[in-house]
Structure formats: structure tokens, C-alpha cells
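Coordinates as given in coords.cif (mmCIF, C-alpha atoms and all ligand atoms):
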data_input
loop_
_atom_site.label_atom_id
_atom_site.label_comp_id
_atom_site.auth_asym_id
_atom_site.auth_seq_id
_atom_site.Cartn_x
_atom_site.Cartn_y
_atom_site.Cartn_z
CA MET A 1 98.21 -185.18 -116.80
CA ILE A 2 99.49 -186.64 -113.50
CA LYS A 3 100.09 -190.38 -113.61
CA LYS A 4 97.58 -192.49 -111.64
CA ASN A 5 98.98 -194.90 -109.08
CA PHE A 6 97.50 -198.34 -108.55
CA LEU A 7 98.46 -201.08 -106.12
CA VAL A 8 97.33 -204.67 -106.04
CA PHE A 9 97.65 -206.45 -102.68
CA PHE A 10 98.17 -210.19 -102.34
CA GLY A 11 98.48 -212.20 -99.15
CA PRO A 12 97.26 -215.50 -97.74
CA PRO A 13 94.57 -215.70 -95.04
CA GLY A 14 96.13 -214.64 -91.74
CA SER A 15 98.76 -212.40 -93.36
CA GLY A 16 97.21 -209.18 -92.03
CA LYS A 17 96.67 -207.93 -95.58
CA GLY A 18 93.49 -206.00 -94.73
CA THR A 19 95.25 -204.05 -91.97
CA GLN A 20 98.12 -203.08 -94.25
CA VAL A 21 95.80 -202.09 -97.09
CA GLU A 22 94.07 -199.67 -94.70
CA LYS A 23 97.38 -198.11 -93.63
CA VAL A 24 98.62 -197.68 -97.19
CA SER A 25 95.27 -196.20 -98.19
CA GLN A 26 95.48 -193.60 -95.40
CA LYS A 27 99.08 -192.65 -96.12
CA PHE A 28 98.72 -192.28 -99.89
CA LYS A 29 95.10 -191.07 -99.79
CA LEU A 30 94.07 -193.78 -102.21
CA PRO A 31 90.62 -195.43 -102.07
CA ILE A 32 90.39 -199.19 -101.56
CA ILE A 33 88.54 -201.37 -104.01
CA SER A 34 87.93 -204.54 -101.99
CA THR A 35 85.82 -207.01 -103.95
CA GLY A 36 85.16 -209.05 -100.77
CA ASN A 37 83.77 -205.97 -98.97
CA LEU A 38 81.72 -204.87 -101.97
CA LEU A 39 80.21 -208.35 -102.25
CA ARG A 40 79.49 -208.57 -98.51
CA HIS A 41 77.81 -205.17 -98.74
CA GLU A 42 75.51 -206.44 -101.51
CA GLN A 43 74.80 -209.51 -99.39
CA GLU A 44 73.89 -207.42 -96.33
CA GLU A 45 71.63 -205.12 -98.37
CA GLY A 46 69.48 -208.18 -99.07
CA THR A 47 68.95 -207.24 -102.73
CA PRO A 48 67.93 -210.11 -105.07
CA PHE A 49 71.50 -210.01 -106.38
CA GLY A 50 72.83 -210.12 -102.80
CA LYS A 51 70.72 -213.19 -102.06
CA LYS A 52 72.14 -215.00 -105.07
CA LEU A 53 75.65 -214.08 -103.92
CA SER A 54 75.06 -215.39 -100.42
CA SER A 55 75.15 -219.04 -101.36
CA ILE A 56 78.49 -218.58 -103.16
CA LEU A 57 80.07 -216.46 -100.40
CA ASN A 58 78.93 -218.80 -97.64
CA ARG A 59 80.63 -221.71 -99.35
CA GLY A 60 83.84 -219.69 -99.80
CA GLU A 61 83.74 -220.27 -103.55
CA LEU A 62 84.74 -217.72 -106.16
CA VAL A 63 82.07 -215.43 -107.59
CA PRO A 64 81.95 -215.61 -111.44
CA ASP A 65 84.44 -213.33 -113.20
CA ILE A 66 81.75 -211.53 -115.17
CA ILE A 67 80.11 -210.28 -111.95
CA ILE A 68 83.41 -209.34 -110.31
CA ASN A 69 84.70 -207.49 -113.36
CA LYS A 70 81.45 -205.51 -113.63
CA ILE A 71 81.67 -204.46 -109.96
CA VAL A 72 85.31 -203.43 -110.38
CA ALA A 73 84.58 -201.46 -113.56
CA GLU A 74 81.73 -199.58 -111.84
CA ASN A 75 83.95 -198.71 -108.90
CA LEU A 76 86.81 -197.64 -111.14
CA GLU A 77 84.45 -195.22 -112.86
CA LYS A 78 83.51 -193.69 -109.51
CA ILE A 79 87.15 -192.93 -108.73
CA SER A 80 88.19 -191.80 -112.19
CA ASN A 81 88.95 -188.23 -111.07
CA ILE A 82 91.31 -189.12 -108.22
CA LYS A 83 94.94 -190.25 -107.84
CA GLY A 84 94.48 -193.99 -108.23
CA ALA A 85 93.37 -196.92 -106.06
CA ILE A 86 94.34 -200.00 -104.08
CA PHE A 87 92.88 -203.36 -105.04
CA ASP A 88 92.25 -205.85 -102.27
CA GLY A 89 91.06 -209.36 -103.12
CA PHE A 90 91.21 -208.61 -106.84
CA PRO A 91 92.46 -209.91 -109.23
CA ARG A 92 92.18 -213.53 -108.13
CA ASN A 93 92.84 -215.26 -111.44
CA GLU A 94 94.36 -214.62 -114.86
CA LYS A 95 91.08 -213.58 -116.48
CA GLN A 96 90.45 -210.92 -113.82
CA GLN A 97 94.04 -209.76 -114.08
CA LYS A 98 93.81 -209.32 -117.85
CA PHE A 99 90.51 -207.49 -117.44
CA LEU A 100 92.04 -205.10 -114.92
CA LEU A 101 95.03 -204.21 -117.09
CA ARG A 102 92.90 -203.90 -120.22
CA THR A 103 90.44 -201.57 -118.45
CA LEU A 104 93.16 -199.35 -116.95
CA LYS A 105 94.88 -199.11 -120.33
CA LYS A 106 91.63 -198.20 -122.06
CA VAL A 107 90.88 -195.39 -119.59
CA TYR A 108 94.36 -194.05 -118.76
CA LYS A 109 96.39 -195.12 -121.85
CA ASP A 110 99.97 -195.35 -120.54
CA ASN A 111 99.33 -192.73 -117.91
CA PHE A 112 99.40 -195.01 -114.88
CA ASN A 113 101.74 -197.02 -112.66
CA ILE A 114 100.74 -200.33 -111.20
CA TYR A 115 102.60 -202.49 -108.70
CA ALA A 116 101.77 -205.59 -106.70
CA VAL A 117 102.56 -206.09 -103.01
CA LEU A 118 102.73 -209.64 -101.68
CA ILE A 119 102.68 -210.21 -97.93
CA ASN A 120 104.40 -213.55 -97.75
CA LEU A 121 103.82 -216.15 -95.06
CA SER A 122 104.74 -219.83 -94.86
CA GLU A 123 101.99 -222.43 -94.60
CA LYS A 124 103.24 -223.41 -91.14
CA ILE A 125 102.81 -219.87 -89.78
CA ILE A 126 99.41 -219.42 -91.44
CA LEU A 127 98.21 -222.60 -89.75
CA GLU A 128 99.69 -221.50 -86.43
CA ARG A 129 98.03 -218.09 -86.66
CA LEU A 130 94.59 -219.17 -87.80
CA THR A 131 94.20 -222.39 -85.86
CA GLY A 132 95.36 -220.72 -82.61
CA ARG A 133 92.50 -218.23 -82.67
CA ARG A 134 89.81 -218.64 -79.99
CA VAL A 135 86.66 -216.58 -79.87
CA CYS A 136 83.88 -215.92 -77.41
CA GLU A 137 80.17 -215.34 -78.02
CA CYS A 138 80.65 -211.84 -76.54
CA GLY A 139 82.95 -210.85 -79.41
CA GLU A 140 86.32 -211.14 -77.61
CA THR A 141 89.10 -212.78 -79.61
CA TYR A 142 92.21 -214.51 -78.23
CA HIS A 143 95.17 -216.36 -79.65
CA LEU A 144 96.80 -219.28 -77.89
CA LEU A 145 100.27 -217.96 -78.80
CA TYR A 146 99.96 -214.22 -79.37
CA ASN A 147 97.18 -213.19 -77.00
CA PRO A 148 96.38 -216.15 -74.74
CA PRO A 149 93.37 -216.19 -72.40
CA ARG A 150 94.80 -216.39 -68.86
CA ASN A 151 92.47 -219.10 -67.66
CA LYS A 152 92.74 -221.89 -70.27
CA ASN A 153 89.76 -221.69 -72.61
CA ILE A 154 87.63 -219.24 -70.67
CA CYS A 155 86.83 -215.67 -71.74
CA LEU A 156 88.44 -213.06 -69.48
CA LYS A 157 85.59 -210.69 -70.00
CA CYS A 158 82.49 -212.85 -69.46
CA ASP A 159 83.72 -216.26 -68.17
CA LYS A 160 82.10 -218.13 -71.03
CA LYS A 161 83.80 -221.05 -72.79
CA LEU A 162 85.85 -220.04 -75.83
CA PHE A 163 85.41 -221.80 -79.16
CA ILE A 164 87.13 -222.21 -82.54
CA ARG A 165 85.48 -220.49 -85.49
CA GLU A 166 84.25 -222.98 -88.10
CA ASP A 167 86.54 -221.57 -90.81
CA ASP A 168 89.57 -221.61 -88.45
CA LYS A 169 89.43 -225.40 -88.04
CA PRO A 170 92.63 -227.00 -89.43
CA VAL A 171 90.92 -228.87 -92.32
CA ILE A 172 89.15 -225.72 -93.45
CA VAL A 173 92.24 -223.53 -93.02
CA LYS A 174 94.26 -225.99 -95.11
CA ASN A 175 91.59 -225.79 -97.79
CA ARG A 176 91.62 -221.95 -97.69
CA ILE A 177 95.41 -222.03 -98.14
CA LYS A 178 95.09 -224.48 -101.03
CA ILE A 179 92.53 -222.24 -102.76
CA TYR A 180 94.74 -219.18 -102.21
CA GLN A 181 97.78 -220.89 -103.69
CA ARG A 182 95.83 -222.24 -106.63
CA GLU A 183 94.52 -218.75 -107.43
CA ILE A 184 97.53 -216.61 -106.70
CA VAL A 185 100.65 -218.53 -107.72
CA PRO A 186 99.97 -218.37 -111.49
CA ILE A 187 99.21 -214.64 -111.45
CA LEU A 188 102.19 -213.68 -109.29
CA LYS A 189 104.48 -214.79 -112.11
CA PHE A 190 103.15 -211.96 -114.26
CA TRP A 191 104.19 -209.31 -111.70
CA GLU A 192 107.54 -210.96 -111.16
CA ASN A 193 108.27 -210.95 -114.88
CA LYS A 194 107.29 -207.28 -115.07
CA SER A 195 109.65 -206.54 -112.11
CA SER A 196 106.66 -204.96 -110.38
CA LEU A 197 106.32 -207.31 -107.43
CA ILE A 198 107.18 -206.12 -103.93
CA ILE A 199 107.58 -209.08 -101.56
CA ILE A 200 107.19 -208.35 -97.85
CA ASN A 201 107.92 -210.75 -95.00
CA GLY A 202 104.57 -211.25 -93.23
CA LYS A 203 106.11 -212.92 -90.20
CA LYS A 204 107.09 -209.58 -88.62
CA LYS A 205 105.02 -207.33 -86.36
CA ILE A 206 102.26 -205.21 -87.94
CA SER A 207 104.24 -201.99 -87.44
CA GLU A 208 107.39 -203.45 -88.97
CA ILE A 209 105.53 -204.87 -91.96
CA ASN A 210 104.03 -201.44 -92.41
CA ARG A 211 107.40 -199.68 -92.32
CA ASN A 212 108.79 -202.19 -94.81
CA ILE A 213 105.94 -201.62 -97.23
CA PHE A 214 106.34 -197.82 -97.04
CA ARG A 215 110.11 -198.14 -97.51
CA GLU A 216 109.73 -200.33 -100.60
CA LEU A 217 107.11 -198.01 -102.07
CA LYS A 218 109.39 -195.04 -101.48
CA LYS A 219 112.20 -196.80 -103.34
CA ILE A 220 110.06 -196.94 -106.45
CA ASN A 221 108.87 -193.34 -106.00
CA PHE A 222 105.29 -194.46 -105.52
P1 LIG A 301 87.71 -211.83 -99.34
O1 LIG A 301 87.18 -210.92 -98.29
O2 LIG A 301 88.62 -211.14 -100.31
O3 LIG A 301 88.34 -213.09 -98.77
O4 LIG A 301 86.45 -212.31 -100.20
C1 LIG A 301 85.36 -212.97 -99.60
C2 LIG A 301 84.65 -213.83 -100.64
O5 LIG A 301 84.17 -212.99 -101.69
C3 LIG A 301 85.52 -214.86 -101.34
O6 LIG A 301 85.59 -216.07 -100.61
C4 LIG A 301 84.81 -215.03 -102.66
O7 LIG A 301 83.65 -215.82 -102.49
C5 LIG A 301 84.34 -213.63 -102.96
N1 LIG A 301 85.33 -212.84 -103.75
C6 LIG A 301 86.02 -211.75 -103.33
N2 LIG A 301 86.81 -211.27 -104.30
C7 LIG A 301 86.64 -212.09 -105.36
C8 LIG A 301 87.20 -212.13 -106.65
N3 LIG A 301 88.11 -211.23 -107.06
N4 LIG A 301 86.78 -213.11 -107.49
C9 LIG A 301 85.85 -214.01 -107.12
N5 LIG A 301 85.29 -214.04 -105.89
C10 LIG A 301 85.67 -213.09 -105.01
#

Spit out the file's structure as C-alpha cells when you get a sec.
Ligand code: AMP
Amino acid sequence: MIKKNFLVFFGPPGSGKGTQVEKVSQKFKLPIISTGNLLRHEQEEGTPFGKKLSSILNRGELVPDIIINKIVAENLEKISNIKGAIFDGFPRNEKQQKFLLRTLKKVYKDNFNIYAVLINLSEKIILERLTGRRVCECGETYHLLYNPPRNKNICLKCDKKLFIREDDKPVIVKNRIKIYQREIVPILKFWENKSSLIIINGKKKISEINRNIFRELKKINF
């Protein structure tokens, strides 16, 4: 039986984690299990369950472990006959992490590899990236440093005034970083101790981050 390959991706808001998860998924032909996307999908479907979720998601709070673990287990079953999977946004705490490892062990015995990839970024850069974002009603997005609008705070496409997204305001961004650190720091230790943590510098360009991830995965024969 061929060993299954699993990856867990960690990265603070603004690290470009989602983009990298997509690229790794395409290269290794592994499906993505993104708990955030699965929850948003439920929310959009407008099911009674989705409506209950809405109030939690809109406040940016964590959905109870029992719900998350059930969603992950269902999705793991769906992919049981393929090469493995990439987890995005899961696990977010020790309970979820234990559940994941217990479930994989139950299904695949010792017949699987699992590694974690952390896209690392300092708090200063996260703040710079997220608080510099400016958006327009028409959907255009700018960044004061990386993709500045030519004419101050006016959209190039439709001349409307640009604004800052509510969750990009400094107080909120600081809170998002605090939540991320509170969740992730304790569980990273586990991967470090297992020598299964790949740390990638998130300050580089998207293409370079991507090359670095592929290179590190190659080193471990992923
Ligand atoms: P994300 O797209 O990963 O930032 O997730 C969006 C939202 O979904 C989060 O703010 C949480 O409310 C919820 N969520 C996603 N994944 C989890 C998880 N593993 N545990 C608890 N809540 C989650």
C-alpha cells in the first residue's frame, strides 16, 4: 500500500498561505481541506446549520471543535481513496490536532506521512501588509506600499474614493494576530519536537516562497 501524504499549513493573516496552498495542491495533485471554506460554503447555502454558523463566523470566533472535527472527518472519508490531502485552517488548537492524528492513525495505521509548513511573518510586516490595503466598491484592491493607487485614495478604474476594510483596521488586525498566536504557538511545538516543521520566510515574493516550499518538500521526499 502506497503511503498517504498529508500537509498541514500554518501562517498568520496576510502571509499568503491560501495562495501557496493552492500551488502545492496543484503540483502534488492533493485535495485541499480548508475548514474556513467549508464553513463559508455552509453559510452561503443558507441551511439551518449555516445560519447558526453565521453569527460565529461574522464575529471571527472559533467554531466549536466538535463541529469542526465532524466536518474534517466527513471530508477525509470522501478522499480516502486518493494520495492524501492538504489541511488549511485546521488544526487550530491542541484538541483538533489530537483528533486529526488519531483519525489518520485509525484509518491508515502507520501508512502515512504528515508534515507542517509554517509561512512565517513578523508582526510588523503583517500590520504593514494588512493595514496598507485599500479597496473600492467596484472590487479593485490596492496597497499603499505594494500596489499604490496613482491618485492618492481614488480608484483608478472608477474614480470612487477608496476605503479600508473593517477587518483591516489596525485594532482589528492586531486582534487577529493575537488570536492567531494564541491558537498556533502551542501547537507548533508539537511539529517542532517531531522534526516535521518546515519554516518558510513569508517576507519574500510569492514565486520565491513557492520555490522554497517545493525545495523543502523535495528534501524530505514528499
Ligand atoms: P479561515 O478562512 O481559516 O480564516 O476561517 C474563517 C473562520 O472560520 C474563522 O474565523 C473561524 O470562525 C472559522 N474556522 C475555520 N477553521 C476553523 C477551525 N479549525 N476551528 C474553529 N473555527 C474555524

Return as a tab-separated table the residues of chain A lying at most 7 Å from ligand LIG 301 (chain A), together with the closest atom-to-atom pair for each and the distance in Å to one decimal, counting only C-alpha atoms and all ligand atoms, with rows in chain order and ascending residue number.
residue	atom	partner	partner_atom	distance
A:Ser34	CA	A:LIG301	O2	6.8
A:Thr35	CA	A:LIG301	N2	4.4
A:Gly36	CA	A:LIG301	O4	3.6
A:Asn37	CA	A:LIG301	O1	6.0
A:Leu39	CA	A:LIG301	O5	6.1
A:Ile56	CA	A:LIG301	O7	5.9
A:Leu57	CA	A:LIG301	O7	4.2
A:Gly60	CA	A:LIG301	O6	4.1
A:Glu61	CA	A:LIG301	O7	4.6
A:Leu62	CA	A:LIG301	N5	3.7
A:Val63	CA	A:LIG301	N5	3.9
A:Pro64	CA	A:LIG301	C9	6.0
A:Asp65	CA	A:LIG301	N4	6.2
A:Ile68	CA	A:LIG301	N4	5.8
A:Asp88	CA	A:LIG301	O2	6.7
A:Gly89	CA	A:LIG301	O2	4.1
A:Phe90	CA	A:LIG301	N3	4.1
A:Pro91	CA	A:LIG301	N3	5.0
A:Arg92	CA	A:LIG301	N3	4.8

Residues of the last selection are to be written out with C-alpha atoms, as a compact mmCIF listing (two decimals), keeping the file's coordinate frame.
# COMPACT_ATOMS: atom_id res chain seq x y z
CA SER A 34 87.93 -204.54 -101.99
CA THR A 35 85.82 -207.01 -103.95
CA GLY A 36 85.16 -209.05 -100.77
CA ASN A 37 83.77 -205.97 -98.97
CA LEU A 39 80.21 -208.35 -102.25
CA ILE A 56 78.49 -218.58 -103.16
CA LEU A 57 80.07 -216.46 -100.40
CA GLY A 60 83.84 -219.69 -99.80
CA GLU A 61 83.74 -220.27 -103.55
CA LEU A 62 84.74 -217.72 -106.16
CA VAL A 63 82.07 -215.43 -107.59
CA PRO A 64 81.95 -215.61 -111.44
CA ASP A 65 84.44 -213.33 -113.20
CA ILE A 68 83.41 -209.34 -110.31
CA ASP A 88 92.25 -205.85 -102.27
CA GLY A 89 91.06 -209.36 -103.12
CA PHE A 90 91.21 -208.61 -106.84
CA PRO A 91 92.46 -209.91 -109.23
CA ARG A 92 92.18 -213.53 -108.13

At a cut-off of 10 Å, can you tabulate as JSON lines every residue of stretch 59-121 of chain A near stretch 179-197 of chain A together with its closest atom pair and the distance in Å to one decimal, using all atoms listed in the file and ordering rows by chain then number?
{"residue": "A:Gly60", "atom": "CA", "partner": "A:Ile179", "partner_atom": "CA", "distance": 9.5}
{"residue": "A:Glu61", "atom": "CA", "partner": "A:Ile179", "partner_atom": "CA", "distance": 9.0}
{"residue": "A:Leu62", "atom": "CA", "partner": "A:Ile179", "partner_atom": "CA", "distance": 9.6}
{"residue": "A:Pro91", "atom": "CA", "partner": "A:Ile187", "partner_atom": "CA", "distance": 8.5}
{"residue": "A:Arg92", "atom": "CA", "partner": "A:Glu183", "partner_atom": "CA", "distance": 5.8}
{"residue": "A:Asn93", "atom": "CA", "partner": "A:Glu183", "partner_atom": "CA", "distance": 5.6}
{"residue": "A:Glu94", "atom": "CA", "partner": "A:Ile187", "partner_atom": "CA", "distance": 5.9}
{"residue": "A:Lys95", "atom": "CA", "partner": "A:Ile187", "partner_atom": "CA", "distance": 9.6}
{"residue": "A:Gln96", "atom": "CA", "partner": "A:Ile187", "partner_atom": "CA", "distance": 9.8}
{"residue": "A:Gln97", "atom": "CA", "partner": "A:Ile187", "partner_atom": "CA", "distance": 7.6}
{"residue": "A:Lys98", "atom": "CA", "partner": "A:Ile187", "partner_atom": "CA", "distance": 9.9}
{"residue": "A:Asn113", "atom": "CA", "partner": "A:Ser196", "partner_atom": "CA", "distance": 9.6}
{"residue": "A:Ile114", "atom": "CA", "partner": "A:Ser196", "partner_atom": "CA", "distance": 7.6}
{"residue": "A:Tyr115", "atom": "CA", "partner": "A:Ser196", "partner_atom": "CA", "distance": 5.0}
{"residue": "A:Ala116", "atom": "CA", "partner": "A:Leu197", "partner_atom": "CA", "distance": 4.9}
{"residue": "A:Val117", "atom": "CA", "partner": "A:Leu197", "partner_atom": "CA", "distance": 5.9}
{"residue": "A:Leu118", "atom": "CA", "partner": "A:Leu197", "partner_atom": "CA", "distance": 7.2}

Kindly provide, as a PDB file with C-alpha atoms, in the coordinates of the input, the polymer residues lying within 12 Å of (90.3, -220.3, -69.6), counting all atoms listed in the file and using the coordinates exactly as they appear in the file.
ATOM      1  CA  ARG A 134      89.810-218.640 -79.990  1.00  0.00           C
ATOM      2  CA  VAL A 135      86.660-216.580 -79.870  1.00  0.00           C
ATOM      3  CA  CYS A 136      83.880-215.920 -77.410  1.00  0.00           C
ATOM      4  CA  TYR A 142      92.210-214.510 -78.230  1.00  0.00           C
ATOM      5  CA  HIS A 143      95.170-216.360 -79.650  1.00  0.00           C
ATOM      6  CA  LEU A 144      96.800-219.280 -77.890  1.00  0.00           C
ATOM      7  CA  PRO A 148      96.380-216.150 -74.740  1.00  0.00           C
ATOM      8  CA  PRO A 149      93.370-216.190 -72.400  1.00  0.00           C
ATOM      9  CA  ARG A 150      94.800-216.390 -68.860  1.00  0.00           C
ATOM     10  CA  ASN A 151      92.470-219.100 -67.660  1.00  0.00           C
ATOM     11  CA  LYS A 152      92.740-221.890 -70.270  1.00  0.00           C
ATOM     12  CA  ASN A 153      89.760-221.690 -72.610  1.00  0.00           C
ATOM     13  CA  ILE A 154      87.630-219.240 -70.670  1.00  0.00           C
ATOM     14  CA  CYS A 155      86.830-215.670 -71.740  1.00  0.00           C
ATOM     15  CA  LEU A 156      88.440-213.060 -69.480  1.00  0.00           C
ATOM     16  CA  LYS A 157      85.590-210.690 -70.000  1.00  0.00           C
ATOM     17  CA  CYS A 158      82.490-212.850 -69.460  1.00  0.00           C
ATOM     18  CA  ASP A 159      83.720-216.260 -68.170  1.00  0.00           C
ATOM     19  CA  LYS A 160      82.100-218.130 -71.030  1.00  0.00           C
ATOM     20  CA  LYS A 161      83.800-221.050 -72.790  1.00  0.00           C
ATOM     21  CA  LEU A 162      85.850-220.040 -75.830  1.00  0.00           C
ATOM     22  CA  PHE A 163      85.410-221.800 -79.160  1.00  0.00           C
TER      23      PHE A 163
END

Is it possible to get the axis-aligned box enclosing stretch 28-44 of chain A (all listed atoms, 8 Å extra per side) as JSON, with centre and edge lengths in Å rounded to one decimal?
{"center_x": 86.3, "center_y": -200.3, "center_z": -100.2, "size_x": 40.8, "size_y": 34.4, "size_z": 23.7}

Of A:Ala85, A:Leu101, A:Asp167, A:Lys124, the one nearest to A:Asn58 when counting all atoms listed in the file is A:Asp167

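You will find atom CA of A:Val21 at 7.3 Å from atom CA of A:Phe9.
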
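Nearest to A:Phe214 of all the residues A:Lys4, A:Lys17, A:Lys27, A:Lys70 is A:Lys27, counting all atoms listed in the file.
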
The residue from A:Lys3, A:Arg215, A:Lys83, A:Lys106 with the smallest atom-to-atom distance to A:Ile32, counting all atoms listed in the file, is A:Lys83

The distance between atom CA of A:Glu123 and atom CA of A:Ser207 is 21.8 Å

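Closest approach to A:Glu74 among A:Thr141, A:Thr131, A:Thr103, A:Asn212 is made by A:Thr103 (distances from all atoms listed in the file).
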
Could you give me, as a short mmCIF file (atom, residue, chain, number, x, y, z; two decimals) with C-alpha atoms, keeping the file's coordinate frame, the residues within 12 Å of A:Ser15, counting all atoms listed in the file and dropping anything in the same chain fewer than 5 positions from it?
data_model
loop_
_atom_site.label_atom_id
_atom_site.label_comp_id
_atom_site.auth_asym_id
_atom_site.auth_seq_id
_atom_site.Cartn_x
_atom_site.Cartn_y
_atom_site.Cartn_z
CA PHE A 9 97.65 -206.45 -102.68
CA PHE A 10 98.17 -210.19 -102.34
CA GLN A 20 98.12 -203.08 -94.25
CA VAL A 21 95.80 -202.09 -97.09
CA LEU A 118 102.73 -209.64 -101.68
CA ILE A 119 102.68 -210.21 -97.93
CA ASN A 120 104.40 -213.55 -97.75
CA LEU A 121 103.82 -216.15 -95.06
CA SER A 122 104.74 -219.83 -94.86
CA GLU A 123 101.99 -222.43 -94.60
CA ILE A 125 102.81 -219.87 -89.78
CA ILE A 126 99.41 -219.42 -91.44
CA LEU A 127 98.21 -222.60 -89.75
CA GLU A 128 99.69 -221.50 -86.43
CA ARG A 129 98.03 -218.09 -86.66
CA LEU A 130 94.59 -219.17 -87.80
CA ILE A 177 95.41 -222.03 -98.14
CA TYR A 180 94.74 -219.18 -102.21
CA ILE A 200 107.19 -208.35 -97.85
CA ASN A 201 107.92 -210.75 -95.00
CA GLY A 202 104.57 -211.25 -93.23
CA LYS A 203 106.11 -212.92 -90.20
CA LYS A 204 107.09 -209.58 -88.62
CA LYS A 205 105.02 -207.33 -86.36
CA ILE A 206 102.26 -205.21 -87.94
CA ILE A 209 105.53 -204.87 -91.96
#

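When atom CA of A:Ser54 is paired with atom CA of A:Ser25, their separation reads 28.0 Å.
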
From (99.1, -194.4, -114.2), in the file's coordinates, out to 10 Å: which residues are reached, counting all atoms listed in the file? Answer as a PyMOL selection string. chain A and resi 1-6+83-84+104-105+107-114

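Using only C-alpha atoms, the smallest distance between any of A:Pro48, A:Glu208, A:Ile198, A:Lys78 and A:Ile220 comes from A:Ile198.
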
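For the choices A:Gly18, A:Arg176, A:Val24, A:Gln43, the atom-to-atom distance to A:Lys218 is smallest for A:Val24 when using all atoms listed in the file.
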